[in-house]
Number of protein chains: 6
Amino acid sequence: MGAPAGLPRIVYQQVIEAALREDLGRAGDITSSAVIRAETRCDARIVAREPGRMAGGQVAADVFRTLDSGVVIDIVILDGEEIAAGDMVLKLAGPARPILAAERTALNLLGRLCGIAALTGRFVAAVEGTGARVADTRKTSPGMRALEKYAVRCGGGINHRFGLDDAVLIKDNHLLVAGSVTAAVERVRAAVGHAVMVEVEVDTLEQLSESMACGVDAVLLDNMDVGTLRRAVAIVTGRSVTEASGGITLETVCSVAETGVDVVSVGALTHSVSSLDLSLEVETVHNA
Amino acid sequence: MGAPAGLPRIVYQQVIEAALREDLGRAGDITSSAVIRAETRCDARIVAREPGRMAGGQVAADVFRTLDSGVVIDIVILDGEEIAAGDMVLKLAGPARPILAAERTALNLLGRLCGIAALTGRFVAAVEGTGARVADTRKTSPGMRALEKYAVRCGGGINHRFGLDDAVLIKDNHLLVAGSVTAAVERVRAAVGHAVMVEVEVDTLEQLSESMACGVDAVLLDNMDVGTLRRAVAIVTGRSVTEASGGITLETVCSVAETGVDVVSVGALTHSVSSLDLSLEVETVHNA
Amino acid sequence: MGAPAGLPRIVYQQVIEAALREDLGRAGDITSSAVIRAETRCDARIVAREPGRMAGGQVAADVFRTLDSGVVIDIVILDGEEIAAGDMVLKLAGPARPILAAERTALNLLGRLCGIAALTGRFVAAVEGTGARVADTRKTSPGMRALEKYAVRCGGGINHRFGLDDAVLIKDNHLLVAGSVTAAVERVRAAVGHAVMVEVEVDTLEQLSESMACGVDAVLLDNMDVGTLRRAVAIVTGRSVTEASGGITLETVCSVAETGVDVVSVGALTHSVSSLDLSLEVETVHNA
Amino acid sequence: MGAPAGLPRIVYQQVIEAALREDLGRAGDITSSAVIRAETRCDARIVAREPGRMAGGQVAADVFRTLDSGVVIDIVILDGEEIAAGDMVLKLAGPARPILAAERTALNLLGRLCGIAALTGRFVAAVEGTGARVADTRKTSPGMRALEKYAVRCGGGINHRFGLDDAVLIKDNHLLVAGSVTAAVERVRAAVGHAVMVEVEVDTLEQLSESMACGVDAVLLDNMDVGTLRRAVAIVTGRSVTEASGGITLETVCSVAETGVDVVSVGALTHSVSSLDLSLEVETVHNA
Amino acid sequence: MGAPAGLPRIVYQQVIEAALREDLGRAGDITSSAVIRAETRCDARIVAREPGRMAGGQVAADVFRTLDSGVVIDIVILDGEEIAAGDMVLKLAGPARPILAAERTALNLLGRLCGIAALTGRFVAAVEGTGARVADTRKTSPGMRALEKYAVRCGGGINHRFGLDDAVLIKDNHLLVAGSVTAAVERVRAAVGHAVMVEVEVDTLEQLSESMACGVDAVLLDNMDVGTLRRAVAIVTGRSVTEASGGITLETVCSVAETGVDVVSVGALTHSVSSLDLSLEVETVHNA
Amino acid sequence: MGAPAGLPRIVYQQVIEAALREDLGRAGDITSSAVIRAETRCDARIVAREPGRMAGGQVAADVFRTLDSGVVIDIVILDGEEIAAGDMVLKLAGPARPILAAERTALNLLGRLCGIAALTGRFVAAVEGTGARVADTRKTSPGMRALEKYAVRCGGGINHRFGLDDAVLIKDNHLLVAGSVTAAVERVRAAVGHAVMVEVEVDTLEQLSESMACGVDAVLLDNMDVGTLRRAVAIVTGRSVTEASGGITLETVCSVAETGVDVVSVGALTHSVSSLDLSLEVETVHNA
């Protein structure tokens, strides 16, 4: 797999700065400032204590460089690549104070992104050969959506919509108000331009058939069992993208994918993640 | 247990606004705007699909009210209280568009905070009777530290330091630079005022004894087995706070606590959380 | 035509605050503060000096209320409605100082949005009966995209993509790098999810045929004459959305639309707009 | 004419960053990221498709460099200089992705500023030889005042006040409240320091005479015909600056200027501008 | 003296929010949250422990209301009025937690503003009868200029320019570069519009005469002794505003003013201020 | 005394940018832009006109470099060192415009920080030999707390808590609500973690004894005379930190310190400071 295309720094730089300010507070790293002299330099490395998948190497590097532009960083494992337990993922050299002061902020970001990529990678592996793609949802950490969805791509997944504004998804609550799929789709088509994809969440095959008659771009098949999904795929017959969703786990994802759906979307990719266990180890200290 | 004391809104309001802007993007909720008329009102409720513990009810309410001050919210379960599967945690009434537009942002925040509180509560329950307290770490989501640490309090835990600036924690990397516990503590005492607590992370009982001789306020006993922890507690004999840390799980926390340490700190409380599964259900729709 | 669905205030409130701060500077409205007593109240109205179309009434009202929550505003003409010369569009009552201090900021915003809506309306009227829709572009004023695209909707137009992130548009420079339409589309399909529409800008009918073979969602027919457009529409035969673009004016838009394209996009809707000429007139002054 | 003195970047950098974030959204330039490899470099140029006047070359260059500091830019035409149709105004070299991703943001800013400078230049040319200067107003795009007023200077115009706080302008609504020019000026003189210029808007020669008696620094002669302006200039006889304003066009500005007024102010310089038509052309592509 | 005209809240609200966030940090007022129940209400008052002059009553009230809109505040002494030792300046009622949490932020702001007003008032009193006015400088606290200059007005002083952009002040370093007063003034007149006042700082009577020949609006007579000032005033004879500056103290200000200068400017008004000693006293506690 | 450990730039960079924007306004330094050509370079120095102590050299340097990265700065006197009248503290070389445009902002910051360090140094010198340390309070300028407390450290003082969130200080108003020291301390101990120091403000020796029984970490002995302080120290006998506070001046501080208290805290260090008198002198001008 090729490395996923990167995000421009301007998209996430505010997240880095807010996180550093949150950790440094009003007085900065009072421990390192007291214990370490300004001139002291060190070599250090960030090591994974468990296997996973890389995501956010550039982001972590930017954390250190935001605090001190003199920190030199070598990204050893590229985004999208596998990480083995014990692997060095980043190598650092520079003034010791900012390296230690930025450590926690960098590891919090990197650990979470690698955790998401690793989990996504497991789902992607589970559906291999089925033709289905694994997608995320909007169940992301507040303020972190661009980065977390980037991590999903690093894990081999694809991104569902990024917000309420870039695609239409007509859900049960909307249908309740509109009265019918047809009414809802009509209102939407009158309002949005051609650059916007329209998807409808359907709970039943009746709703599915109505959606097909409306010519929607995609259908979200919500909480259907495998048999129903199979029937749904047969009904759609390629007229729109089919997406299965709802409580799908690593155990169930393959059987869902084998129904022939185009996309399986999994909220857990971002809402229930274990951060990858990473540590920063100072290797050598240079007192000027 | 009494409800934990609340956070002032000014501390977290920027998180809410950033999260709403992230989800609404440039065009807002294009689905709800197209499907629902501005005048349509509804009653809705947020329901838990699994058991947990409440944290962030006020925060979730503020999400809806930030988007539209006309949404009326009743917080049914108070922060710190248990949630049973199926419980209604919040009740809402008001214009339907902003209620649906704010849904995901509110649930993302509330689900994560309740997830942290629930997990913390399980750790607290596991050590009941031992006298030990359960503390969090700085392994929090970027930008969310104030809220996530609040959720830990809702779960019955206590907060370790909030950042690098409000307490001293001399860790292995600092000792590597300073040469010894004694040298590090001396530098710190010369630099910081009396309002700052000084803690040392020790890996061995020799470091522990040296720390006691320095008169530190607390010691972090890092990755020690239960036998060593017991000996450490005996060495300290109440002269400073004892904190056990390092890979502690729900399975091991009780035996760690029974060694007599004052505090058990657990990174997983915030770095590896499953969001509580919540859903917003529209109950009745009122077309004006 | 029904009123276009509104934008949530949180999407544009920062534009209002930045504009007010820009005009008030460090010392506020020194003229009004010196000449008018704090207690003086007035009735005022905003009047159009030329015909146009309403857009941004709520935004203008929010400008006054942001400065002083005590200003009472009646939006007389709703967004999307026609304005005749001399029409009162907003009616205001409240303390005179903030009404005068917010005047210029409110009129600058409202005048620009009404100007865009009026111009859009003229293009929409020009294509009436052809079945074509009029779309905007990304040639908007920096920081104003959400509002300016809202004004286009008020004028009866539709919105093209809001940014570089919510739809794919493969342009000539991309084709230059990729080598061919096919190569570019393949790379894009591998990278983006199903929620993203893919459009290709084509300069020739050969590129168009190649695009059709790739199964793209839309084609932007760039700078083609009417005859070529007609042939292009015949080639596409409904397999994707057809969009004509490039130097289209009020004089030429109808003949372009009559070729059968689905969408005509016009950069001038936002990049070359005359603000609607509006003035705020104080009607009565009440000295307390 | 010498180049106008530049603005410090800190004054406009936030406009650049907001505009880039607005266009890049949450996912960045998904087309360029998919189609172009990170290593691909290119040479490109920004070309004018119509004649105009340069303004904002440094601003446009800063847009590209804000996104990627590795883009090398040569500003070919300096601010204040004439642009002929077909002229290359900027030359760029660097990584292709950020060059294409920043293109629209840079062109939107540069096109608008050049459009303002060109229009200003036409007004300045029209009054050549009369001794009158052409001034702008506060009818600028929200958030863009510093840049748009800079563009007016590039076109040879002068700037009227930048906001409500840096000069006093007593207008009709103020006179309505104060009761008379004399009362208004007295209140102002008591309130403001000596660093503030005081101008009065007068509709009649009676108000003008009263203003002269008050010793104001400048008078705005509002919507007067040429004959009345001539009489007004005779009344003032150099005791204060005379400014003509109100619906002045390229057709009428010369006859207004010939009345002997010192300043002609024109709202259209900024509120009704056509952006200069610019395009970015990739010239050569270098695949590493 | 009438009360000085107020500042709109939008001009200083960010100062309040930044100051509250600075004091509340990540966890809020942990003492009050622990000790005081959410339901507890109190009456309190802010009392002056020394005499002074009121400035910023509204600002202080806004601090409390920003933290909790339920705090009711009565501004007892109006801005510009004298304060006697022991005077109650503000009266508060509401929930006890936010009143105590906002106390220090409100007192820091109010104490500084009252201190500036008091000091300004002493200078103004010292020059009473001379006809000279007392002006401030740009030597203000970072971020506080609008508020501190407002406090100067509350003390009866006038404001010199608010920044580098709203008036020209040609100082010694500029003359060093330009070569002469005449050259500097010519360059300035060519660059700035009629809304900008032009002042020259002169060290000698030769420079003063040259400035008069240039027709400048004001001259800053820098560090001149009383005899020289008197000669300077005689040279100017009303052709421009005369301003004396440089190390002027309460002891010397009257003799300076008696030379006939129009304005005496005093940096110490804002750069060397003792905050007025204020305290917040809780009067009664209401446990619900 | 060694130099105090520095603050990371990210902690104070926003203060610098806000201060520069405040001074540059919308149009920048219009005097320097008009008088000085962009190519003109100069050498300059910042000189102290009175003795003091250095604090903020790096901050001042960052002001100039924020405006123009081409300004080269040599920090001649290091933070914490004595300054004699006439000393050059910073040496600058670079483009003349930004050096003059940043002058006032840099001097306002540097002058205030040096003033605080100088005043702190006088208090520290006054208690030399007593063993007491001099601490600051939260009576700082809004938004400047991190920098002002840094300046206190440069003067040899220590920092009391940085905000309401990083240490507990139970004051008279809290005791009024809680009913007793014991009740207040109990509530606090139940709420806060082990990383937080708990201090009680006591007015009487009875309260002091009660505090000792509660085992608090520190006591603030408020407004006690020297005899009472001596008795208080005898009661505490090293069980907690003793801090004297309340109206302590340079005249009284030594006698207070001689009572044996550990800390003397002085609000005046930051709330009533005279800025050190500094000036920027251009030495040589280089016209390219």
# chains A, B, ... in the order shown; residues from 1 in each chain; ligands from 1
$ interface_residues --of "chain E" --to "chain B" --cutoff "6 Å" --atoms "only C-alpha atoms" --output "PyMOL selection string"
chain E and resi 26-27+33
$ select_by_dssp --residues "segment 45-227 of chain D" --states "strand (DSSP E or B)" --output "ChimeraX atom specification"
/D:45-48,52-53,72-75,82-83,88-95,133-135,158,168-170,196,198-202,218-222
$ atom_distance --atom1 "atom CA of Phe123 of chain B" --atom2 "atom CA of Cys254 of chain B"
8.5 Å
$ residues_around --residues "Gln13 of chain B" --least-positions-apart "4" --cutoff "9 Å" --atoms "only C-alpha atoms" --output "PyMOL selection string"
chain B and resi 8-9+17-18+59+62-63+66
$ atom_distance --atom1 "atom CA of Val127 of chain C" --atom2 "atom CA of Val233 of chain C"
16.8 Å
$ residues_around --residues "segment 178-192 of chain C" --least-positions-apart "2" --cutoff "8 Å" --atoms "only C-alpha atoms" --output "ChimeraX atom specification"
/A:4,158-159 /C:168,170,174-176,194,196,200,207,210-211,214,216 /D:30-31,34-36
$ atom_distance --atom1 "atom CA of Glu251 of chain E" --atom2 "atom CA of Val263 of chain E"
16.5 Å
$ residues_around --residues "Glu148 of chain A" --least-positions-apart "4" --cutoff "7 Å" --atoms "only C-alpha atoms" --output "PyMOL selection string"
chain A and resi 113+140+144+152+270
$ residues_around --residues "segment 105-111 of chain F" --least-positions-apart "2" --cutoff "8 Å" --atoms "only C-alpha atoms" --output "ChimeraX atom specification"
/E:139-142,271 /F:19-20,23,55-57,59-61,63-64,102-103,113-115,275-279
$ closest_residue --among "E:Asp172, E:Val134, E:Glu39, E:Ile73" --to "Glu281 of chain F" --atoms "only C-alpha atoms"
E:Asp172
